[in-house]
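Have a look at start_33.cif below; it lists mmCIF, N, CA and C atoms.
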```cif
data_structure
loop_
_atom_site.label_atom_id
_atom_site.label_comp_id
_atom_site.auth_asym_id
_atom_site.auth_seq_id
_atom_site.Cartn_x
_atom_site.Cartn_y
_atom_site.Cartn_z
N ALA A 1 277.05 107.93 23.79
CA ALA A 1 278.43 107.65 24.12
C ALA A 1 279.20 108.96 24.24
N LYS A 2 280.09 108.99 25.18
CA LYS A 2 280.89 110.19 25.39
C LYS A 2 282.08 110.20 24.44
N ALA A 3 282.23 111.29 23.71
CA ALA A 3 283.35 111.43 22.78
C ALA A 3 284.41 112.30 23.44
N PRO A 4 285.69 112.02 23.18
CA PRO A 4 286.72 112.88 23.77
C PRO A 4 286.61 114.31 23.24
N GLY A 5 286.69 115.27 24.15
CA GLY A 5 286.62 116.67 23.73
C GLY A 5 285.23 117.16 23.43
N CYS A 6 284.18 116.43 23.86
CA CYS A 6 282.80 116.81 23.56
C CYS A 6 282.03 116.97 24.87
N SER A 7 281.19 117.99 24.92
CA SER A 7 280.38 118.19 26.12
C SER A 7 279.09 118.91 25.76
N ALA A 8 278.12 118.84 26.67
CA ALA A 8 276.87 119.57 26.48
C ALA A 8 277.11 121.01 26.88
N LEU A 9 276.44 121.91 26.21
CA LEU A 9 276.68 123.33 26.41
C LEU A 9 275.36 124.08 26.30
N ALA A 10 275.15 125.03 27.18
CA ALA A 10 273.99 125.92 27.09
C ALA A 10 274.52 127.34 26.96
N MET A 11 274.16 128.01 25.89
CA MET A 11 274.60 129.38 25.66
C MET A 11 273.40 130.29 25.69
N PHE A 12 273.49 131.34 26.48
CA PHE A 12 272.45 132.35 26.52
C PHE A 12 272.91 133.53 25.68
N PHE A 13 272.03 134.02 24.81
CA PHE A 13 272.33 135.18 23.98
C PHE A 13 271.47 136.34 24.45
N LYS A 14 272.10 137.47 24.69
CA LYS A 14 271.34 138.64 25.15
C LYS A 14 270.48 139.19 24.02
N ALA A 15 269.46 139.92 24.39
CA ALA A 15 268.56 140.53 23.40
C ALA A 15 269.31 141.61 22.64
N THR A 16 268.97 141.76 21.38
CA THR A 16 269.52 142.82 20.53
C THR A 16 268.34 143.64 20.00
N PRO A 17 268.61 144.71 19.27
CA PRO A 17 267.49 145.47 18.70
C PRO A 17 266.61 144.66 17.74
N VAL A 18 267.14 143.55 17.21
CA VAL A 18 266.36 142.78 16.23
C VAL A 18 265.96 141.39 16.72
N THR A 19 266.48 140.93 17.85
CA THR A 19 266.14 139.61 18.36
C THR A 19 265.87 139.67 19.85
N SER A 20 265.08 138.72 20.33
CA SER A 20 264.84 138.62 21.77
C SER A 20 265.95 137.77 22.39
N ARG A 21 265.93 137.67 23.70
CA ARG A 21 266.90 136.83 24.40
C ARG A 21 266.70 135.38 23.96
N MET A 22 267.80 134.65 23.73
CA MET A 22 267.71 133.28 23.23
C MET A 22 268.64 132.36 24.00
N ILE A 23 268.37 131.06 23.87
CA ILE A 23 269.22 130.03 24.43
C ILE A 23 269.54 129.02 23.33
N MET A 24 270.72 128.45 23.41
CA MET A 24 271.13 127.39 22.48
C MET A 24 271.64 126.23 23.31
N LEU A 25 270.96 125.10 23.22
CA LEU A 25 271.41 123.88 23.88
C LEU A 25 272.12 123.05 22.83
N ALA A 26 273.40 122.76 23.06
CA ALA A 26 274.19 122.14 22.01
C ALA A 26 275.22 121.18 22.56
N ALA A 27 275.70 120.32 21.67
CA ALA A 27 276.88 119.50 21.95
C ALA A 27 278.05 120.25 21.33
N PHE A 28 279.09 120.47 22.12
CA PHE A 28 280.23 121.27 21.69
C PHE A 28 281.47 120.40 21.67
N SER A 29 282.31 120.62 20.67
CA SER A 29 283.57 119.89 20.58
C SER A 29 284.67 120.82 20.07
N CYS A 30 285.85 120.64 20.60
CA CYS A 30 287.01 121.38 20.13
C CYS A 30 288.17 120.39 20.02
N VAL A 31 288.75 120.31 18.84
CA VAL A 31 289.83 119.35 18.58
C VAL A 31 291.03 120.10 18.03
N ARG A 32 292.18 119.80 18.57
CA ARG A 32 293.45 120.37 18.09
C ARG A 32 294.32 119.22 17.63
N GLU A 33 294.83 119.32 16.40
CA GLU A 33 295.62 118.21 15.87
C GLU A 33 296.74 118.71 14.96
N THR A 34 297.71 117.86 14.75
CA THR A 34 298.80 118.15 13.83
C THR A 34 298.40 117.64 12.45
N THR A 35 298.63 118.46 11.42
CA THR A 35 298.28 118.07 10.06
C THR A 35 299.41 117.22 9.46
N PRO A 36 299.13 116.48 8.38
CA PRO A 36 300.17 115.64 7.77
C PRO A 36 301.42 116.40 7.33
N ASP A 37 301.27 117.70 6.99
CA ASP A 37 302.44 118.48 6.56
C ASP A 37 303.21 119.10 7.72
N GLY A 38 302.84 118.77 8.97
CA GLY A 38 303.53 119.30 10.13
C GLY A 38 302.92 120.58 10.67
N GLY A 39 301.82 121.02 10.09
CA GLY A 39 301.12 122.21 10.57
C GLY A 39 300.18 121.86 11.71
N GLU A 40 299.25 122.75 11.95
CA GLU A 40 298.32 122.56 13.07
C GLU A 40 296.91 122.95 12.64
N ARG A 41 295.92 122.21 13.15
CA ARG A 41 294.52 122.52 12.83
C ARG A 41 293.71 122.49 14.12
N ILE A 42 292.84 123.50 14.27
CA ILE A 42 291.91 123.55 15.39
C ILE A 42 290.51 123.60 14.82
N THR A 43 289.65 122.70 15.25
CA THR A 43 288.27 122.65 14.80
C THR A 43 287.36 122.78 16.01
N MET A 44 286.44 123.74 15.94
CA MET A 44 285.44 123.93 16.98
C MET A 44 284.08 123.81 16.31
N ALA A 45 283.18 123.11 16.96
CA ALA A 45 281.84 122.97 16.39
C ALA A 45 280.82 122.75 17.50
N TYR A 46 279.62 123.23 17.24
CA TYR A 46 278.51 122.85 18.10
C TYR A 46 277.29 122.58 17.24
N GLU A 47 276.52 121.61 17.72
CA GLU A 47 275.28 121.21 17.04
C GLU A 47 274.17 121.18 18.06
N ARG A 48 273.00 121.67 17.65
CA ARG A 48 271.86 121.70 18.57
C ARG A 48 271.54 120.29 19.06
N LEU A 49 271.21 120.19 20.36
CA LEU A 49 270.86 118.90 20.94
C LEU A 49 269.53 118.40 20.38
N SER A 50 269.36 117.10 20.40
CA SER A 50 268.08 116.52 19.99
C SER A 50 267.00 116.97 20.97
N ASP A 51 265.76 116.95 20.53
CA ASP A 51 264.65 117.37 21.40
C ASP A 51 264.60 116.54 22.68
N LYS A 52 264.86 115.24 22.56
CA LYS A 52 264.80 114.34 23.71
C LYS A 52 265.87 114.72 24.74
N LEU A 53 267.09 114.97 24.28
CA LEU A 53 268.16 115.34 25.20
C LEU A 53 267.95 116.74 25.78
N ALA A 54 267.47 117.66 24.95
CA ALA A 54 267.20 119.02 25.42
C ALA A 54 266.11 119.00 26.50
N ALA A 55 265.09 118.16 26.31
CA ALA A 55 264.00 118.05 27.30
C ALA A 55 264.53 117.56 28.64
N SER A 56 265.53 116.67 28.61
CA SER A 56 266.08 116.15 29.86
C SER A 56 266.86 117.21 30.63
N LEU A 57 267.23 118.31 29.97
CA LEU A 57 267.99 119.38 30.62
C LEU A 57 267.14 120.59 31.01
N GLN A 58 265.83 120.52 30.78
CA GLN A 58 264.97 121.68 31.02
C GLN A 58 264.97 122.14 32.47
N GLY A 59 265.12 121.23 33.43
CA GLY A 59 265.17 121.62 34.83
C GLY A 59 266.38 122.50 35.12
N ARG A 60 267.52 122.13 34.57
CA ARG A 60 268.74 122.93 34.76
C ARG A 60 268.64 124.27 34.03
N VAL A 61 268.04 124.26 32.85
CA VAL A 61 267.86 125.51 32.09
C VAL A 61 266.95 126.45 32.85
N ALA A 62 265.86 125.93 33.40
CA ALA A 62 264.92 126.76 34.16
C ALA A 62 265.60 127.35 35.40
N ALA A 63 266.49 126.59 36.03
CA ALA A 63 267.20 127.08 37.21
C ALA A 63 268.12 128.25 36.87
N CYS A 64 268.53 128.33 35.61
CA CYS A 64 269.39 129.44 35.15
C CYS A 64 268.56 130.60 34.61
N GLY A 65 267.26 130.49 34.67
CA GLY A 65 266.39 131.56 34.17
C GLY A 65 266.11 131.46 32.69
N GLY A 66 266.25 130.27 32.13
CA GLY A 66 266.08 130.13 30.68
C GLY A 66 264.80 129.47 30.24
N SER A 67 263.82 129.29 31.14
CA SER A 67 262.61 128.57 30.76
C SER A 67 261.70 129.38 29.83
N ALA A 68 261.73 130.70 29.91
CA ALA A 68 260.83 131.52 29.10
C ALA A 68 261.58 132.19 27.94
N VAL A 69 262.69 131.62 27.54
CA VAL A 69 263.54 132.21 26.50
C VAL A 69 263.35 131.45 25.19
N LYS A 70 263.39 132.17 24.07
CA LYS A 70 263.30 131.51 22.76
C LYS A 70 264.55 130.67 22.52
N HIS A 71 264.35 129.58 21.78
CA HIS A 71 265.50 128.75 21.41
C HIS A 71 266.08 129.27 20.10
N SER A 72 267.40 129.27 20.03
CA SER A 72 268.10 129.74 18.84
C SER A 72 267.75 128.88 17.63
N SER A 73 267.71 129.48 16.46
CA SER A 73 267.42 128.73 15.24
C SER A 73 268.67 128.10 14.64
N THR A 74 269.84 128.34 15.24
CA THR A 74 271.08 127.75 14.73
C THR A 74 271.09 126.26 15.01
N THR A 75 271.34 125.47 13.97
CA THR A 75 271.41 124.02 14.13
C THR A 75 272.85 123.53 14.14
N LEU A 76 273.72 124.25 13.46
CA LEU A 76 275.12 123.85 13.37
C LEU A 76 275.99 125.09 13.22
N TRP A 77 277.10 125.13 13.93
CA TRP A 77 278.09 126.19 13.80
C TRP A 77 279.46 125.53 13.88
N ALA A 78 280.33 125.82 12.94
CA ALA A 78 281.66 125.21 12.95
C ALA A 78 282.70 126.21 12.45
N LEU A 79 283.88 126.13 13.04
CA LEU A 79 285.00 126.97 12.63
C LEU A 79 286.24 126.09 12.63
N GLU A 80 286.97 126.13 11.53
CA GLU A 80 288.22 125.39 11.44
C GLU A 80 289.33 126.36 11.03
N VAL A 81 290.39 126.36 11.81
CA VAL A 81 291.55 127.19 11.52
C VAL A 81 292.73 126.25 11.33
N SER A 82 293.39 126.39 10.19
CA SER A 82 294.51 125.51 9.87
C SER A 82 295.73 126.36 9.52
N LEU A 83 296.83 126.06 10.18
CA LEU A 83 298.10 126.73 9.89
C LEU A 83 299.05 125.68 9.34
N SER A 84 299.40 125.81 8.06
CA SER A 84 300.28 124.82 7.45
C SER A 84 301.72 125.06 7.88
N ALA A 85 302.57 124.08 7.61
CA ALA A 85 303.98 124.19 8.00
C ALA A 85 304.67 125.37 7.31
N ASN A 86 304.19 125.75 6.11
CA ASN A 86 304.81 126.88 5.40
C ASN A 86 304.24 128.24 5.81
N GLY A 87 303.32 128.26 6.78
CA GLY A 87 302.79 129.52 7.30
C GLY A 87 301.47 129.97 6.72
N ASP A 88 300.90 129.21 5.77
CA ASP A 88 299.59 129.57 5.21
C ASP A 88 298.50 129.35 6.25
N LEU A 89 297.62 130.31 6.38
CA LEU A 89 296.50 130.22 7.31
C LEU A 89 295.21 130.06 6.53
N THR A 90 294.45 129.04 6.85
CA THR A 90 293.16 128.78 6.20
C THR A 90 292.09 128.76 7.27
N ILE A 91 290.98 129.46 7.00
CA ILE A 91 289.87 129.50 7.94
C ILE A 91 288.60 129.07 7.21
N GLY A 92 287.91 128.10 7.77
CA GLY A 92 286.63 127.65 7.24
C GLY A 92 285.55 127.89 8.29
N HIS A 93 284.37 128.32 7.85
CA HIS A 93 283.30 128.66 8.78
C HIS A 93 281.97 128.21 8.19
N ILE A 94 281.17 127.51 8.97
CA ILE A 94 279.85 127.05 8.52
C ILE A 94 278.82 127.43 9.58
N VAL A 95 277.70 127.97 9.13
CA VAL A 95 276.57 128.25 10.01
C VAL A 95 275.32 127.72 9.31
N SER A 96 274.53 126.95 10.03
CA SER A 96 273.27 126.44 9.48
C SER A 96 272.14 126.83 10.43
N MET A 97 271.07 127.40 9.86
CA MET A 97 269.93 127.84 10.67
C MET A 97 268.63 127.26 10.11
N ASP A 98 267.70 127.03 11.03
CA ASP A 98 266.37 126.56 10.63
C ASP A 98 265.56 127.65 9.96
N LYS A 99 265.47 128.78 10.62
CA LYS A 99 264.61 129.85 10.14
C LYS A 99 265.11 131.18 10.66
N ASN A 100 264.57 132.22 10.13
CA ASN A 100 264.94 133.58 10.51
C ASN A 100 264.04 134.00 11.68
N LEU A 101 264.63 134.11 12.89
CA LEU A 101 263.84 134.51 14.06
C LEU A 101 263.71 136.02 14.20
N ALA A 102 264.44 136.75 13.40
CA ALA A 102 264.41 138.21 13.49
C ALA A 102 263.39 138.77 12.50
N TRP A 103 263.04 140.01 12.67
CA TRP A 103 262.09 140.65 11.76
C TRP A 103 262.78 141.17 10.52
N LEU A 104 264.10 141.05 10.47
CA LEU A 104 264.84 141.56 9.31
C LEU A 104 264.57 140.71 8.07
N PRO A 105 264.60 141.33 6.91
CA PRO A 105 264.43 140.55 5.67
C PRO A 105 265.59 139.55 5.49
N THR A 106 265.32 138.50 4.78
CA THR A 106 266.31 137.44 4.58
C THR A 106 267.58 137.96 3.94
N PHE A 107 267.49 138.91 3.00
CA PHE A 107 268.71 139.39 2.35
C PHE A 107 269.64 140.09 3.35
N VAL A 108 269.08 140.71 4.39
CA VAL A 108 269.91 141.34 5.42
C VAL A 108 270.56 140.26 6.28
N ILE A 109 269.80 139.24 6.65
CA ILE A 109 270.34 138.13 7.43
C ILE A 109 271.47 137.46 6.66
N LYS A 110 271.31 137.27 5.34
CA LYS A 110 272.36 136.67 4.53
C LYS A 110 273.64 137.49 4.59
N GLN A 111 273.51 138.81 4.56
CA GLN A 111 274.70 139.67 4.63
C GLN A 111 275.38 139.54 5.99
N ILE A 112 274.58 139.44 7.04
CA ILE A 112 275.15 139.26 8.38
C ILE A 112 275.92 137.95 8.44
N LEU A 113 275.33 136.89 7.88
CA LEU A 113 276.00 135.59 7.87
C LEU A 113 277.28 135.61 7.04
N LEU A 114 277.29 136.41 5.97
CA LEU A 114 278.50 136.53 5.16
C LEU A 114 279.61 137.24 5.93
N ASP A 115 279.24 138.11 6.85
CA ASP A 115 280.23 138.86 7.63
C ASP A 115 280.77 138.06 8.82
N LEU A 116 280.16 136.93 9.17
CA LEU A 116 280.61 136.15 10.32
C LEU A 116 282.07 135.69 10.21
N PRO A 117 282.52 135.21 9.04
CA PRO A 117 283.94 134.81 8.98
C PRO A 117 284.89 135.98 9.27
N ILE A 118 284.51 137.18 8.86
CA ILE A 118 285.34 138.35 9.13
C ILE A 118 285.45 138.56 10.65
N ALA A 119 284.35 138.38 11.35
CA ALA A 119 284.36 138.53 12.81
C ALA A 119 285.27 137.48 13.44
N SER A 120 285.28 136.27 12.90
CA SER A 120 286.16 135.21 13.41
C SER A 120 287.62 135.57 13.19
N ILE A 121 287.93 136.09 12.02
CA ILE A 121 289.31 136.49 11.72
C ILE A 121 289.74 137.63 12.65
N ARG A 122 288.84 138.58 12.87
CA ARG A 122 289.14 139.70 13.76
C ARG A 122 289.43 139.20 15.18
N ALA A 123 288.64 138.22 15.65
CA ALA A 123 288.85 137.67 16.99
C ALA A 123 290.19 136.96 17.08
N ILE A 124 290.56 136.21 16.03
CA ILE A 124 291.85 135.52 16.01
C ILE A 124 292.99 136.54 15.99
N TRP A 125 292.83 137.59 15.19
CA TRP A 125 293.87 138.61 15.08
C TRP A 125 294.13 139.28 16.42
N THR A 126 293.06 139.55 17.19
CA THR A 126 293.24 140.23 18.47
C THR A 126 293.86 139.32 19.53
N MET A 127 293.80 138.00 19.32
CA MET A 127 294.42 137.05 20.26
C MET A 127 295.92 136.97 20.05
N VAL A 128 296.41 137.32 18.87
CA VAL A 128 297.83 137.17 18.54
C VAL A 128 298.66 138.20 19.25
#
```

Show me the file's structure as structure tokens.
Amino acid sequence: AKAPGCSALAMFFKATPVTSRMIMLAAFSCVRETTPDGGERITMAYERLSDKLAASLQGRVAACGGSAVKHSSTTLWALEVSLSANGDLTIGHIVSMDKNLAWLPTFVIKQILLDLPIASIRAIWTMV
């Protein structure tokens, strides 16, 4: 069933020194709403598509040059930004991964994941 504000999304990630080129097939949603206190909340999230749905899109992925690309290990990514009526800003961020696709040790990957909310705040700050 089609949900309002939800669509299928294919994201290609360029290769880095520690990872190869990857693709993420996901359902993406972005919702903007007014909070009970008169503030505002924006929630963005994507979740990896089921294998059955991803398989149905393989022809389109191959046409974009993504047939020989590794699939991302991210299963869920979500960011919620809430601005209350009194001006308080709250940011929540969740990332869930299946496994570590990089050769880096897990403790390094954990530190990178801990730094992700800072990157989100930096992106929001530069938009203001």

From A:Ala85, A:Val108, A:Cys64, A:Leu76, residue lying nearest Pro36 in chain A [only C-alpha atoms] | A:Ala85

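Nearest to Lys110 in chain A of all the residues A:Leu49, A:Val95, A:Ile23, A:Leu9 is A:Val95, counting only C-alpha atoms.
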
Residues within 8 Å of Ala26 in chain A, all atoms listed in the file, excluding chain neighbours under 2 positions, as a list in words = Ser7, Ala8, Leu9, Ala10, Met11, Ile23, Met24, Phe28, Ser29, Ala45, Tyr46, Glu47, Arg48, Leu49, Ser50 and Ala54 of chain A

Restricting it to N, CA and C atoms, dump the selection as a JSON list (two decimals), in the frame of the given file.
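The result, written out as part-v4.json:
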```json
[["chain", "number", "residue", "atom", "x", "y", "z"],
["A", 7, "SER", "N", 281.19, 117.99, 24.92],
["A", 7, "SER", "CA", 280.38, 118.19, 26.12],
["A", 7, "SER", "C", 279.09, 118.91, 25.76],
["A", 8, "ALA", "N", 278.12, 118.84, 26.67],
["A", 8, "ALA", "CA", 276.87, 119.57, 26.48],
["A", 8, "ALA", "C", 277.11, 121.01, 26.88],
["A", 9, "LEU", "N", 276.44, 121.91, 26.21],
["A", 9, "LEU", "CA", 276.68, 123.33, 26.41],
["A", 9, "LEU", "C", 275.36, 124.08, 26.30],
["A", 10, "ALA", "N", 275.15, 125.03, 27.18],
["A", 10, "ALA", "CA", 273.99, 125.92, 27.09],
["A", 10, "ALA", "C", 274.52, 127.34, 26.96],
["A", 11, "MET", "N", 274.16, 128.01, 25.89],
["A", 11, "MET", "CA", 274.60, 129.38, 25.66],
["A", 11, "MET", "C", 273.40, 130.29, 25.69],
["A", 23, "ILE", "N", 268.37, 131.06, 23.87],
["A", 23, "ILE", "CA", 269.22, 130.03, 24.43],
["A", 23, "ILE", "C", 269.54, 129.02, 23.33],
["A", 24, "MET", "N", 270.72, 128.45, 23.41],
["A", 24, "MET", "CA", 271.13, 127.39, 22.48],
["A", 24, "MET", "C", 271.64, 126.23, 23.31],
["A", 28, "PHE", "N", 279.09, 120.47, 22.12],
["A", 28, "PHE", "CA", 280.23, 121.27, 21.69],
["A", 28, "PHE", "C", 281.47, 120.40, 21.67],
["A", 29, "SER", "N", 282.31, 120.62, 20.67],
["A", 29, "SER", "CA", 283.57, 119.89, 20.58],
["A", 29, "SER", "C", 284.67, 120.82, 20.07],
["A", 45, "ALA", "N", 283.18, 123.11, 16.96],
["A", 45, "ALA", "CA", 281.84, 122.97, 16.39],
["A", 45, "ALA", "C", 280.82, 122.75, 17.50],
["A", 46, "TYR", "N", 279.62, 123.23, 17.24],
["A", 46, "TYR", "CA", 278.51, 122.85, 18.10],
["A", 46, "TYR", "C", 277.29, 122.58, 17.24],
["A", 47, "GLU", "N", 276.52, 121.61, 17.72],
["A", 47, "GLU", "CA", 275.28, 121.21, 17.04],
["A", 47, "GLU", "C", 274.17, 121.18, 18.06],
["A", 48, "ARG", "N", 273.00, 121.67, 17.65],
["A", 48, "ARG", "CA", 271.86, 121.70, 18.57],
["A", 48, "ARG", "C", 271.54, 120.29, 19.06],
["A", 49, "LEU", "N", 271.21, 120.19, 20.36],
["A", 49, "LEU", "CA", 270.86, 118.90, 20.94],
["A", 49, "LEU", "C", 269.53, 118.40, 20.38],
["A", 50, "SER", "N", 269.36, 117.10, 20.40],
["A", 50, "SER", "CA", 268.08, 116.52, 19.99],
["A", 50, "SER", "C", 267.00, 116.97, 20.97],
["A", 54, "ALA", "N", 267.47, 117.66, 24.95],
["A", 54, "ALA", "CA", 267.20, 119.02, 25.42],
["A", 54, "ALA", "C", 266.11, 119.00, 26.50]]
```

Specify as a PyMOL selection string each residue included when the PyMOL selection byres (((chain A and resi 113 and name CA) around 12) and name CA) is applied to this file.
-> chain A and resi 74+77+93-97+100+106-112+114-120

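With atom N of Ile91 in chain A on one side and CA of Ile121 in chain A on the other, the separation reads 8.6 Å.
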
Residue list as number ranges by chain for point (287.1, 125.7, 12.4), cut-off 8 Å, only C-alpha atoms = A: 42-45, 78-82, 91-93

Report as a compact mmCIF listing (two decimals) with N, CA and C atoms, in the coordinates of the input the residues that result from applying the PyMOL selection byres ((chain A and resi 20-22) around 7) to the structure here.
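So selection.txt came out as:
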```txt
# COMPACT_ATOMS: atom_id res chain seq x y z
N MET A 11 274.16 128.01 25.89
CA MET A 11 274.60 129.38 25.66
C MET A 11 273.40 130.29 25.69
N PHE A 12 273.49 131.34 26.48
CA PHE A 12 272.45 132.35 26.52
C PHE A 12 272.91 133.53 25.68
N PHE A 13 272.03 134.02 24.81
CA PHE A 13 272.33 135.18 23.98
C PHE A 13 271.47 136.34 24.45
N LYS A 14 272.10 137.47 24.69
CA LYS A 14 271.34 138.64 25.15
C LYS A 14 270.48 139.19 24.02
N ALA A 15 269.46 139.92 24.39
CA ALA A 15 268.56 140.53 23.40
C ALA A 15 269.31 141.61 22.64
N THR A 16 268.97 141.76 21.38
CA THR A 16 269.52 142.82 20.53
C THR A 16 268.34 143.64 20.00
N PRO A 17 268.61 144.71 19.27
CA PRO A 17 267.49 145.47 18.70
C PRO A 17 266.61 144.66 17.74
N VAL A 18 267.14 143.55 17.21
CA VAL A 18 266.36 142.78 16.23
C VAL A 18 265.96 141.39 16.72
N THR A 19 266.48 140.93 17.85
CA THR A 19 266.14 139.61 18.36
C THR A 19 265.87 139.67 19.85
N ILE A 23 268.37 131.06 23.87
CA ILE A 23 269.22 130.03 24.43
C ILE A 23 269.54 129.02 23.33
N MET A 24 270.72 128.45 23.41
CA MET A 24 271.13 127.39 22.48
C MET A 24 271.64 126.23 23.31
N VAL A 69 262.69 131.62 27.54
CA VAL A 69 263.54 132.21 26.50
C VAL A 69 263.35 131.45 25.19
N LYS A 70 263.39 132.17 24.07
CA LYS A 70 263.30 131.51 22.76
C LYS A 70 264.55 130.67 22.52
N HIS A 71 264.35 129.58 21.78
CA HIS A 71 265.50 128.75 21.41
C HIS A 71 266.08 129.27 20.10
N SER A 72 267.40 129.27 20.03
CA SER A 72 268.10 129.74 18.84
C SER A 72 267.75 128.88 17.63
N LEU A 101 264.63 134.11 12.89
CA LEU A 101 263.84 134.51 14.06
C LEU A 101 263.71 136.02 14.20
N ALA A 102 264.44 136.75 13.40
CA ALA A 102 264.41 138.21 13.49
C ALA A 102 263.39 138.77 12.50
```

Have a look at A:Ser56, A:Thr75, A:Pro105, A:Gly39 and name the one nearest to Gly87 in chain A; count only N, CA and C atoms.
-> A:Gly39

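Here atom C of Gln58 in chain A is placed at a distance of 18.6 Å from CA of Ser73 in chain A.
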
Could you state the separation of CA of Ala27 in chain A and CA of Arg41 in chain A in Å, given to one decimal place?
-> 20.1 Å

Using DSSP on the backbone, list every residue of range 23-103 of chain A that comes out as strand (DSSP E), and give them as an MDAnalysis selection string.
-> chainID A and resid 23:34 40:48 70:71 74:83 89:97

As a ChimeraX atom specification, please: all residues of chain A that backbone DSSP puts in helix (DSSP H, G or I).
-> /A:51-56,58-63,106-127
